[in-house]
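Peer 1: Have a peek at protein_29.csv (CSV, C-alpha atoms).
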chain,number,residue,atom,x,y,z
Y,151,MET,CA,-31.1,-41.1,54.5
Y,152,ALA,CA,-34.2,-40.0,56.3
Y,153,GLN,CA,-36.7,-38.0,54.2
Y,154,LEU,CA,-38.2,-34.8,55.5
Y,155,LYS,CA,-42.0,-34.8,55.8
Y,156,ASP,CA,-42.2,-31.5,54.0
Y,157,ASP,CA,-39.0,-30.5,52.0
Y,158,SER,CA,-40.5,-27.2,51.1
Y,159,ALA,CA,-40.5,-26.2,54.8
Y,160,HIS,CA,-36.8,-26.8,55.2
Y,161,LYS,CA,-34.4,-23.8,55.0
Y,162,SER,CA,-32.2,-25.6,52.4
Y,163,TYR,CA,-35.1,-25.8,50.0
Y,164,GLU,CA,-34.8,-22.2,49.0
Y,165,MET,CA,-31.1,-22.8,48.1
Y,166,GLY,CA,-32.1,-25.3,45.4
Y,167,LEU,CA,-31.3,-28.3,47.5
Y,168,HIS,CA,-34.0,-30.9,46.9
Y,169,THR,CA,-34.3,-34.5,47.7
Y,170,GLU,CA,-36.9,-35.8,45.2
Y,171,GLN,CA,-35.7,-38.3,42.6
Y,172,LEU,CA,-35.6,-37.0,39.0
Y,173,THR,CA,-37.1,-39.2,36.4
Y,174,GLY,CA,-37.5,-39.2,32.7
Y,175,ARG,CA,-35.7,-40.2,29.5
Y,176,SER,CA,-32.5,-38.3,30.4
Y,177,GLN,CA,-32.1,-40.1,33.7
Y,178,GLN,CA,-30.4,-43.2,32.3
Y,179,ARG,CA,-28.4,-45.8,34.3
Y,180,PHE,CA,-24.7,-45.2,33.6
Y,181,PHE,CA,-23.3,-47.0,36.7
Y,182,SER,CA,-23.3,-50.4,38.1
Y,183,ALA,CA,-22.6,-51.1,41.8
Y,184,GLU,CA,-21.1,-54.5,40.8
Y,185,GLU,CA,-18.5,-52.8,38.6
Y,186,SER,CA,-16.9,-50.5,41.1
Y,187,ASP,CA,-17.1,-49.6,44.8
Y,188,ASN,CA,-17.2,-45.9,43.9
Y,189,PHE,CA,-19.7,-46.0,41.1
Y,190,THR,CA,-17.1,-45.1,38.5
Y,191,TYR,CA,-17.6,-45.5,34.8
Y,192,PRO,CA,-16.8,-48.9,33.4
Y,193,GLN,CA,-14.0,-47.4,31.2
Y,194,ALA,CA,-12.5,-45.2,34.0
Y,195,PHE,CA,-8.8,-45.4,34.5
Y,196,VAL,CA,-7.0,-46.0,37.8
Y,197,VAL,CA,-4.7,-43.0,38.2
Y,198,ASP,CA,-2.0,-41.9,40.8
Y,199,PHE,CA,-2.3,-38.2,41.6
Y,200,ASP,CA,1.4,-38.1,42.6
Y,201,LYS,CA,2.3,-39.3,39.1
Y,202,THR,CA,2.7,-36.2,36.8
Y,203,ALA,CA,3.1,-35.8,33.1
Y,204,GLU,CA,3.3,-32.8,30.7
Y,205,ILE,CA,2.0,-32.2,27.2
Y,206,ASP,CA,3.3,-29.4,25.0
Y,207,ALA,CA,0.2,-28.6,22.8
Y,208,ALA,CA,1.9,-25.9,20.7
Y,209,GLU,CA,2.3,-28.2,17.6
Y,210,LEU,CA,-0.8,-30.4,18.3
Y,211,GLU,CA,-4.3,-30.1,17.1
Y,212,GLY,CA,-7.1,-30.1,19.7
Y,213,PRO,CA,-8.2,-33.8,19.1
Y,214,ALA,CA,-4.6,-34.9,19.4
Y,215,VAL,CA,-4.2,-33.1,22.8
Y,216,ASN,CA,-7.4,-34.8,24.1
Y,217,LEU,CA,-6.2,-38.2,22.8
Y,218,ARG,CA,-2.8,-37.7,24.6
Y,219,ILE,CA,-4.6,-36.8,27.9
Y,220,ARG,CA,-6.5,-40.1,27.6
Y,221,GLU,CA,-3.4,-42.1,26.8
Y,222,LEU,CA,-1.6,-40.7,29.9
Y,223,MET,CA,-4.6,-41.5,32.1
Y,224,GLY,CA,-4.4,-45.0,30.7
Y,225,GLU,CA,-0.7,-45.1,31.9
Y,226,GLY,CA,-1.8,-44.1,35.4
Y,227,TYR,CA,-0.9,-40.4,35.4
Y,228,GLY,CA,-3.2,-38.5,37.8
Y,229,HIS,CA,-1.8,-35.1,37.3
Y,230,ILE,CA,-1.4,-33.8,33.7
Y,231,VAL,CA,-0.1,-30.3,32.8
Y,232,VAL,CA,-0.9,-29.0,29.3
Y,233,LYS,CA,1.4,-26.2,28.2
Y,234,ASN,CA,0.8,-23.9,25.3
Y,235,PRO,CA,-2.9,-24.6,24.7
Y,236,LEU,CA,-2.9,-21.4,22.6
Y,237,ALA,CA,-6.7,-20.9,22.8
Y,238,LYS,CA,-7.4,-24.0,20.8
Y,239,HIS,CA,-11.1,-25.2,20.9
Y,240,SER,CA,-12.7,-28.1,22.7
Y,241,LEU,CA,-9.7,-29.0,24.8
Y,242,GLY,CA,-10.2,-31.2,27.9
Y,243,VAL,CA,-13.6,-32.4,26.9
Y,244,GLY,CA,-15.3,-35.7,27.8
Y,245,ILE,CA,-13.1,-36.6,30.7
Y,246,LEU,CA,-15.1,-39.1,32.8
Y,247,ASN,CA,-12.4,-39.7,35.3
Y,248,ARG,CA,-10.8,-38.4,38.5
Y,249,LEU,CA,-7.9,-36.3,37.3
Y,250,LYS,CA,-5.9,-33.2,38.2
Y,251,LEU,CA,-5.6,-31.3,34.9
Y,252,ASP,CA,-3.8,-27.9,34.6
Y,253,PHE,CA,-3.9,-25.8,31.4
Y,254,GLU,CA,-1.0,-23.3,31.4
Y,255,GLY,CA,-2.6,-20.7,29.1
Y,256,SER,CA,-6.0,-19.9,27.5
Y,257,LEU,CA,-8.6,-22.1,25.9
Y,258,GLY,CA,-10.9,-21.4,23.0
Y,259,TYR,CA,-14.6,-22.4,22.5
Y,260,PHE,CA,-16.2,-25.3,24.3
Y,261,GLY,CA,-13.3,-26.0,26.7
Y,262,CYS,CA,-13.7,-28.7,29.3
Y,263,GLY,CA,-17.3,-29.7,28.4
Y,264,LEU,CA,-19.0,-33.0,29.2
Y,265,VAL,CA,-16.7,-33.7,32.2
Y,266,ASP,CA,-17.5,-35.8,35.2
Y,267,GLY,CA,-15.0,-35.8,38.0
Y,268,PRO,CA,-11.7,-34.0,37.1
Y,269,ASN,CA,-10.3,-31.1,39.0
Y,270,ILE,CA,-9.2,-28.6,36.3
Y,271,ARG,CA,-7.3,-25.3,36.6
Y,272,ILE,CA,-6.9,-22.9,33.7
Y,273,SER,CA,-4.4,-20.1,34.2
Y,274,GLY,CA,-5.6,-18.0,31.3
Y,275,ARG,CA,-9.0,-17.2,29.7
Y,276,VAL,CA,-11.7,-19.4,28.1
Y,277,GLY,CA,-14.0,-18.8,25.2
Y,278,TRP,CA,-17.7,-19.5,24.7
Y,279,SER,CA,-19.5,-22.3,26.4
Y,280,CYS,CA,-16.8,-23.4,28.8
Y,281,ALA,CA,-17.8,-26.5,30.9
Y,282,GLU,CA,-21.0,-27.1,29.0
Y,283,ASN,CA,-22.9,-30.1,30.5
Y,284,MET,CA,-20.4,-30.5,33.3
Y,285,MET,CA,-21.5,-33.3,35.7
Y,286,ALA,CA,-19.0,-33.3,38.6
Y,287,GLY,CA,-15.6,-32.1,39.7
Y,288,THR,CA,-14.1,-28.5,39.8
Y,289,ILE,CA,-13.0,-26.1,37.1
Y,290,VAL,CA,-11.3,-22.9,38.1
Y,291,ILE,CA,-10.5,-20.2,35.5
Y,292,GLU,CA,-8.0,-17.6,36.7
Y,293,LYS,CA,-9.0,-14.8,34.2
Y,294,ASN,CA,-12.1,-14.1,32.1
Y,295,ALA,CA,-14.6,-16.3,30.3
Y,296,GLY,CA,-16.9,-15.9,27.3
Y,297,SER,CA,-20.6,-16.2,26.9
Y,298,THR,CA,-22.8,-19.2,27.9
Y,299,PHE,CA,-20.3,-20.0,30.7
Y,300,GLY,CA,-21.5,-23.2,32.4
Y,301,ALA,CA,-24.4,-23.9,30.0
Y,302,ALA,CA,-26.6,-26.7,31.2
Y,303,ILE,CA,-24.3,-27.9,33.9
Y,304,ARG,CA,-25.7,-30.6,36.2
Y,305,GLY,CA,-23.1,-30.7,39.1
Y,306,GLY,CA,-19.7,-29.7,40.4
Y,307,ASP,CA,-18.2,-26.3,41.1
Y,308,LEU,CA,-17.4,-24.0,38.1
Y,309,ILE,CA,-15.4,-20.9,39.0
Y,310,CYS,CA,-14.3,-17.9,36.9
Y,311,LYS,CA,-12.3,-15.4,39.0
Y,312,GLY,CA,-12.7,-12.6,36.4
Y,313,ASP,CA,-15.6,-11.4,34.3
Y,314,VAL,CA,-17.9,-13.5,32.1
Y,315,GLY,CA,-20.1,-12.8,29.1
Y,316,SER,CA,-23.9,-13.1,28.6
Y,317,ARG,CA,-26.2,-16.1,29.4
Y,318,THR,CA,-24.0,-17.5,32.2
Y,319,GLY,CA,-25.6,-20.7,33.4
Y,320,ILE,CA,-28.2,-20.9,30.7
Y,321,ASP,CA,-30.4,-23.9,31.4
Y,322,GLN,CA,-28.4,-24.7,34.6
Y,323,LYS,CA,-29.6,-28.0,36.1
Y,324,GLY,CA,-27.4,-28.3,39.2
Y,325,GLY,CA,-24.0,-27.6,40.7
Y,326,THR,CA,-22.5,-24.2,41.6
Y,327,ILE,CA,-21.3,-21.4,39.3
Y,328,ILE,CA,-19.2,-18.7,40.9
Y,329,VAL,CA,-18.1,-15.5,39.0
Y,330,GLY,CA,-15.6,-13.3,40.8
Y,331,GLY,CA,-16.4,-10.3,38.6
Y,332,ARG,CA,-19.3,-9.2,36.3
Y,333,THR,CA,-21.7,-11.3,34.2
Y,334,GLY,CA,-23.6,-10.2,31.1
Y,335,ALA,CA,-27.3,-10.2,30.1
Y,336,PHE,CA,-29.7,-13.1,30.5
Y,337,SER,CA,-27.5,-14.9,33.1
Y,338,GLY,CA,-29.5,-17.7,34.7
Y,339,PHE,CA,-31.9,-17.8,31.7
Y,340,MET,CA,-34.2,-20.9,32.1
Y,341,MET,CA,-32.3,-22.0,35.2
Y,342,GLN,CA,-33.7,-25.2,36.6
Y,343,ARG,CA,-31.6,-26.1,39.7
Y,344,GLY,CA,-28.3,-25.2,41.4
Y,345,ARG,CA,-26.7,-22.0,42.7
Y,346,MET,CA,-25.1,-19.1,40.9
Y,347,ILE,CA,-22.9,-16.6,42.8
Y,348,ILE,CA,-22.0,-13.4,41.0
Y,349,LEU,CA,-19.7,-11.2,43.1
Y,350,GLY,CA,-19.8,-8.3,40.7
Y,351,ASP,CA,-22.5,-6.7,38.6
Y,352,ALA,CA,-25.2,-8.5,36.6
Y,353,GLY,CA,-26.6,-7.5,33.3
Y,354,ILE,CA,-30.2,-7.1,32.2
Y,355,ASN,CA,-32.8,-9.9,32.4
Y,356,LEU,CA,-31.1,-11.8,35.2
Y,357,GLY,CA,-32.8,-15.1,35.9
Y,358,ASP,CA,-35.2,-14.7,33.0
Y,359,SER,CA,-37.8,-17.6,33.0
Y,360,MET,CA,-35.9,-19.4,35.8
Y,361,TYR,CA,-37.8,-22.4,37.0
Y,362,ASP,CA,-35.9,-23.0,40.2
Y,363,GLY,CA,-32.5,-22.6,41.8
Y,364,THR,CA,-30.9,-19.5,43.4
Y,365,ILE,CA,-28.8,-16.6,42.2
Y,366,TYR,CA,-26.7,-14.4,44.5
Y,367,VAL,CA,-25.3,-11.0,43.3
Y,368,GLY,CA,-22.8,-8.8,45.1
Y,369,GLY,CA,-22.9,-5.8,42.8
Y,370,LYS,CA,-25.6,-4.0,40.8
Y,371,ILE,CA,-28.3,-5.8,38.9
Y,372,ALA,CA,-29.2,-4.0,35.7
Y,373,GLY,CA,-32.7,-5.7,35.6
Y,374,LEU,CA,-34.5,-8.9,36.5
Y,375,GLY,CA,-36.0,-11.1,33.9
Y,376,VAL,CA,-39.5,-12.6,33.7
Y,377,ASP,CA,-40.5,-14.4,36.9
Y,378,ALA,CA,-37.3,-13.6,38.7
Y,379,VAL,CA,-37.9,-12.1,42.1
Y,380,PRO,CA,-35.9,-11.0,45.2
Y,381,GLY,CA,-35.5,-13.4,48.1
Y,382,GLU,CA,-34.0,-13.3,51.6
Y,383,ILE,CA,-30.8,-15.0,52.7
Y,384,ASN,CA,-31.1,-17.2,55.8
Y,385,ASP,CA,-28.4,-18.3,58.2
Y,386,VAL,CA,-28.0,-21.7,56.5
Y,387,GLU,CA,-27.3,-20.0,53.2
Y,388,ALA,CA,-24.9,-17.5,54.7
Y,389,ALA,CA,-22.8,-20.2,56.3
Y,390,TRP,CA,-22.8,-22.2,53.0
Y,391,LEU,CA,-21.8,-19.1,50.9
Y,392,GLU,CA,-19.0,-18.2,53.3
Y,393,LYS,CA,-17.5,-21.7,53.2
Y,394,LYS,CA,-17.9,-22.1,49.4
Y,395,LEU,CA,-16.3,-18.8,48.6
Y,396,ALA,CA,-13.4,-19.3,51.0
Y,397,THR,CA,-12.7,-22.7,49.3
Y,398,PHE,CA,-11.7,-20.8,46.2
Y,399,GLY,CA,-10.1,-17.8,47.8
Y,400,LEU,CA,-13.0,-15.5,47.2
Y,401,GLU,CA,-15.2,-13.3,49.3
Y,402,ALA,CA,-18.3,-11.3,48.9
Y,403,PRO,CA,-17.6,-7.5,48.4
Y,404,SER,CA,-19.8,-6.5,51.4
Y,405,GLY,CA,-20.2,-9.8,53.2
Y,406,VAL,CA,-22.4,-12.7,52.3
Y,407,LYS,CA,-25.4,-11.4,54.2
Y,408,ASN,CA,-25.5,-8.4,51.9
Y,409,LEU,CA,-25.6,-10.4,48.7
Y,410,GLN,CA,-28.8,-9.9,46.7
Y,411,LYS,CA,-30.7,-13.2,46.4
Y,412,ILE,CA,-32.8,-13.9,43.3
Y,413,VAL,CA,-35.3,-16.8,43.0
Y,414,SER,CA,-38.1,-17.9,40.8
Y,415,GLY,CA,-41.5,-16.4,41.3
Y,416,LYS,CA,-43.0,-19.7,40.1
Y,417,GLN,CA,-45.6,-17.9,38.0
Y,418,LEU,CA,-44.5,-19.8,34.9
Y,419,TRP,CA,-44.6,-23.3,36.4
Y,420,ASN,CA,-48.1,-23.9,34.9
Y,421,TYR,CA,-47.7,-21.4,32.1
Y,422,ASP,CA,-49.4,-23.5,29.5
Y,423,ASN,CA,-52.6,-23.6,31.6
Y,424,LEU,CA,-52.9,-19.9,31.9
Y,425,GLU,CA,-55.6,-18.0,30.0
Y,426,PRO,CA,-54.2,-15.5,27.3
Y,427,ALA,CA,-55.1,-12.6,29.5
Y,428,GLU,CA,-53.1,-14.1,32.5
Y,429,LYS,CA,-50.1,-14.7,30.2
Y,430,LYS,CA,-50.0,-11.0,29.4
Y,431,ILE,CA,-50.0,-10.2,33.1
Y,432,VAL,CA,-47.1,-12.6,33.8
Y,433,LEU,CA,-45.0,-11.4,30.9
Would you write the structure of this file as C-alpha cells?
Peer 2:
Amino acid sequence: MAQLKDDSAHKSYEMGLHTEQLTGRSQQRFFSAEESDNFTYPQAFVVDFDKTAEIDAAELEGPAVNLRIRELMGEGYGHIVVKNPLAKHSLGVGILNRLKLDFEGSLGYFGCGLVDGPNIRISGRVGWSCAENMMAGTIVIEKNAGSTFGAAIRGGDLICKGDVGSRTGIDQKGGTIIVGGRTGAFSGFMMQRGRMIILGDAGINLGDSMYDGTIYVGGKIAGLGVDAVPGEINDVEAAWLEKKLATFGLEAPSGVKNLQKIVSGKQLWNYDNLEPAEKKIVL
C-alpha cells in the first residue's frame, strides 16, 4: 500500500486512522504466514457457520460454559447459542476464532474479554469491563452496560444500544465503540487510538488526558477533561459515521454533521519535559 508523504495532512488522520507501524514489547509476533493463508492463530478451529449448537448454561459454572464453547468449536460448530447465562461472570472470554456467538440473556463482569475475531450478540445487559482488550470482531449488546465498557480495546466494533457507566473506553488503543444512549464520567480517559461514538449525553471529564483518537457525542457534554478540545467534522468522517451507524441500525439524533467532535489538544504529549509552571497551565 502506498504511503502518503504527510499523513498528518490527510483528512483521515483526524479520525485516528494512522499508517505508522507500532513497535515495542507489546507488539509480539503471534501469526505466521506459513501456518495459514488468513493469518489465523495456530490453534484456531475450522468452523461452519451453518452448523448450530445450543448450550443451556443454567446449571453450569462460568468456566464450564467457556470450555463447552471451545469443545463445540473443535467439533466444527460456527454458530453457538448460549441460553440462560444468568449474569454469570467472565463468559465468552479468550475466543481467538471466527465464530457467531449469541447469549440469550445478560452477562456479569468481564464478559467477552480478550476476544479476537468472533461476532457476538448479547440480548440482555452486561456488567463491568465488557470486551476488555478486544482485538477484532463485533460485539453488540441490546440493553445497558456497566462501567469500563471496552477498556483497552485494540480493534473491532463494540456496540451497546443502551446506556453505559463511567470510564467507557478507558485506555482505548483502537477499534470503534458505539453507545446508543448515555455514558458516564471520564469516558475516553487516556484514550490512545480509535473512535468512540456516543449518541446520547456524556458525563464530566470526557476525554480526560486523551493522547489521540476521536470522540463524537450526539447529546450534551457535562464537561471536557484535561487536554480534550472540540474539533470539526469533515466530509470523510461524516460518510464514515453514517455508514458505521447504519450497519448496526443506529442513527445520530440530529444527523452526523451535528455530532460534537472531541480530540486531543496534544498539550500533554511532552508533559514530562514541561517546566512546573507550564504544567500548572496545562492542568
Peer 1: Considering only C-alpha atoms, give me a table of residues in region 204-223 of chain Y that are at most 8 Å from region 234-250 of chain Y, with the closest atom pair and distance in Å for each, as a Markdown table.
Peer 2:
| residue | atom | partner | partner_atom | distance |
| --- | --- | --- | --- | --- |
| Y:Asp206 | CA | Y:Asn234 | CA | 6.0 |
| Y:Ala207 | CA | Y:Asn234 | CA | 5.4 |
| Y:Ala208 | CA | Y:Asn234 | CA | 5.1 |
| Y:Glu211 | CA | Y:Lys238 | CA | 7.8 |
| Y:Gly212 | CA | Y:Leu241 | CA | 5.8 |
| Y:Pro213 | CA | Y:Leu241 | CA | 7.6 |
| Y:Val215 | CA | Y:Leu241 | CA | 7.1 |
| Y:Asn216 | CA | Y:Gly242 | CA | 5.9 |
| Y:Ile219 | CA | Y:Gly242 | CA | 7.9 |
Peer 1: Can you pull out every residue within 8 Å of region 348-363 of chain Y, counting only C-alpha atoms, but drop anything in the same chain fewer than 5 positions away, and send it as a ChimeraX atom specification?
Peer 2: /Y:164-166,316,328-343,368-378,401-403,412-414,416,418-419
Peer 1: What does the distance between CA of Leu222 (chain Y) and CA of Phe260 (chain Y) come to in Å, to one decimal place?
Peer 2: 21.9 Å
Peer 1: List as a VMD selection string the protein and nucleic acid residues near region 296-311 of chain Y, meaning an atom at most 6 Å away when only C-alpha atoms are counted, but skip any in the same chain fewer than 2 places from it.
Peer 2: chain Y and resid 277 to 293 314 to 330
Peer 1: Taking into account all atoms listed in the file, which residue in the set Y:Val232, Y:Val367, Y:Ile270, Y:Met346 is nearest to Glu254 (chain Y)?
Peer 2: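 Looking at the shortest contact to Glu254 (chain Y), the residue is Y:Val232.
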Peer 1: Between Y:Asp252, Y:Ile205, Y:Met223, Y:Lys411, single out the one closest to Gln193 (chain Y), counting all atoms listed in the file.
Peer 2: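 Smallest distance to Gln193 (chain Y) is found for Y:Met223.
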Peer 1: For the atom pair CA of Gly255 (chain Y) and CA of Tyr366 (chain Y), what is the interatomic distance in Å to one decimal place?
Peer 2: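 Computing it gives 29.3 Å between the two atoms.
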Peer 1: Using CA of Gln417 (chain Y) and CA of Glu387 (chain Y) as the two end points, give the distance in Å to one decimal.
Peer 2: 23.9 Å
Peer 1: My list of candidates is Y:Leu217, Y:Val379, Y:Cys262, Y:Ile230. Which is closest to Gln410 (chain Y) when distances are computed with all atoms listed in the file?
Peer 2: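 Going through Y:Leu217, Y:Val379, Y:Cys262, Y:Ile230 one by one, the smallest distance to Gln410 (chain Y) is for Y:Val379.
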Peer 1: With distances taken over only C-alpha atoms, which of Y:Leu210, Y:Ala396, Y:Val197, Y:Leu391 is nearest to Leu409 (chain Y)?
Peer 2: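 Going through Y:Leu210, Y:Ala396, Y:Val197, Y:Leu391 one by one, the smallest distance to Leu409 (chain Y) is for Y:Leu391.
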Peer 1: Which of these, Y:Ala214, Y:Leu400, Y:Ile347, Y:Val231, has the shortest distance to Lys201 (chain Y) once you count all atoms listed in the file?
Peer 2: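 Result for the nearest residue to Lys201 (chain Y): Y:Val231.
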Peer 1: May I ask which of the residues Y:Gly312, Y:Gly274, Y:Gly405, Y:Pro268 is the closest one to Ala194 (chain Y), counting all atoms listed in the file?
Peer 2: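 Smallest distance to Ala194 (chain Y) is found for Y:Pro268.
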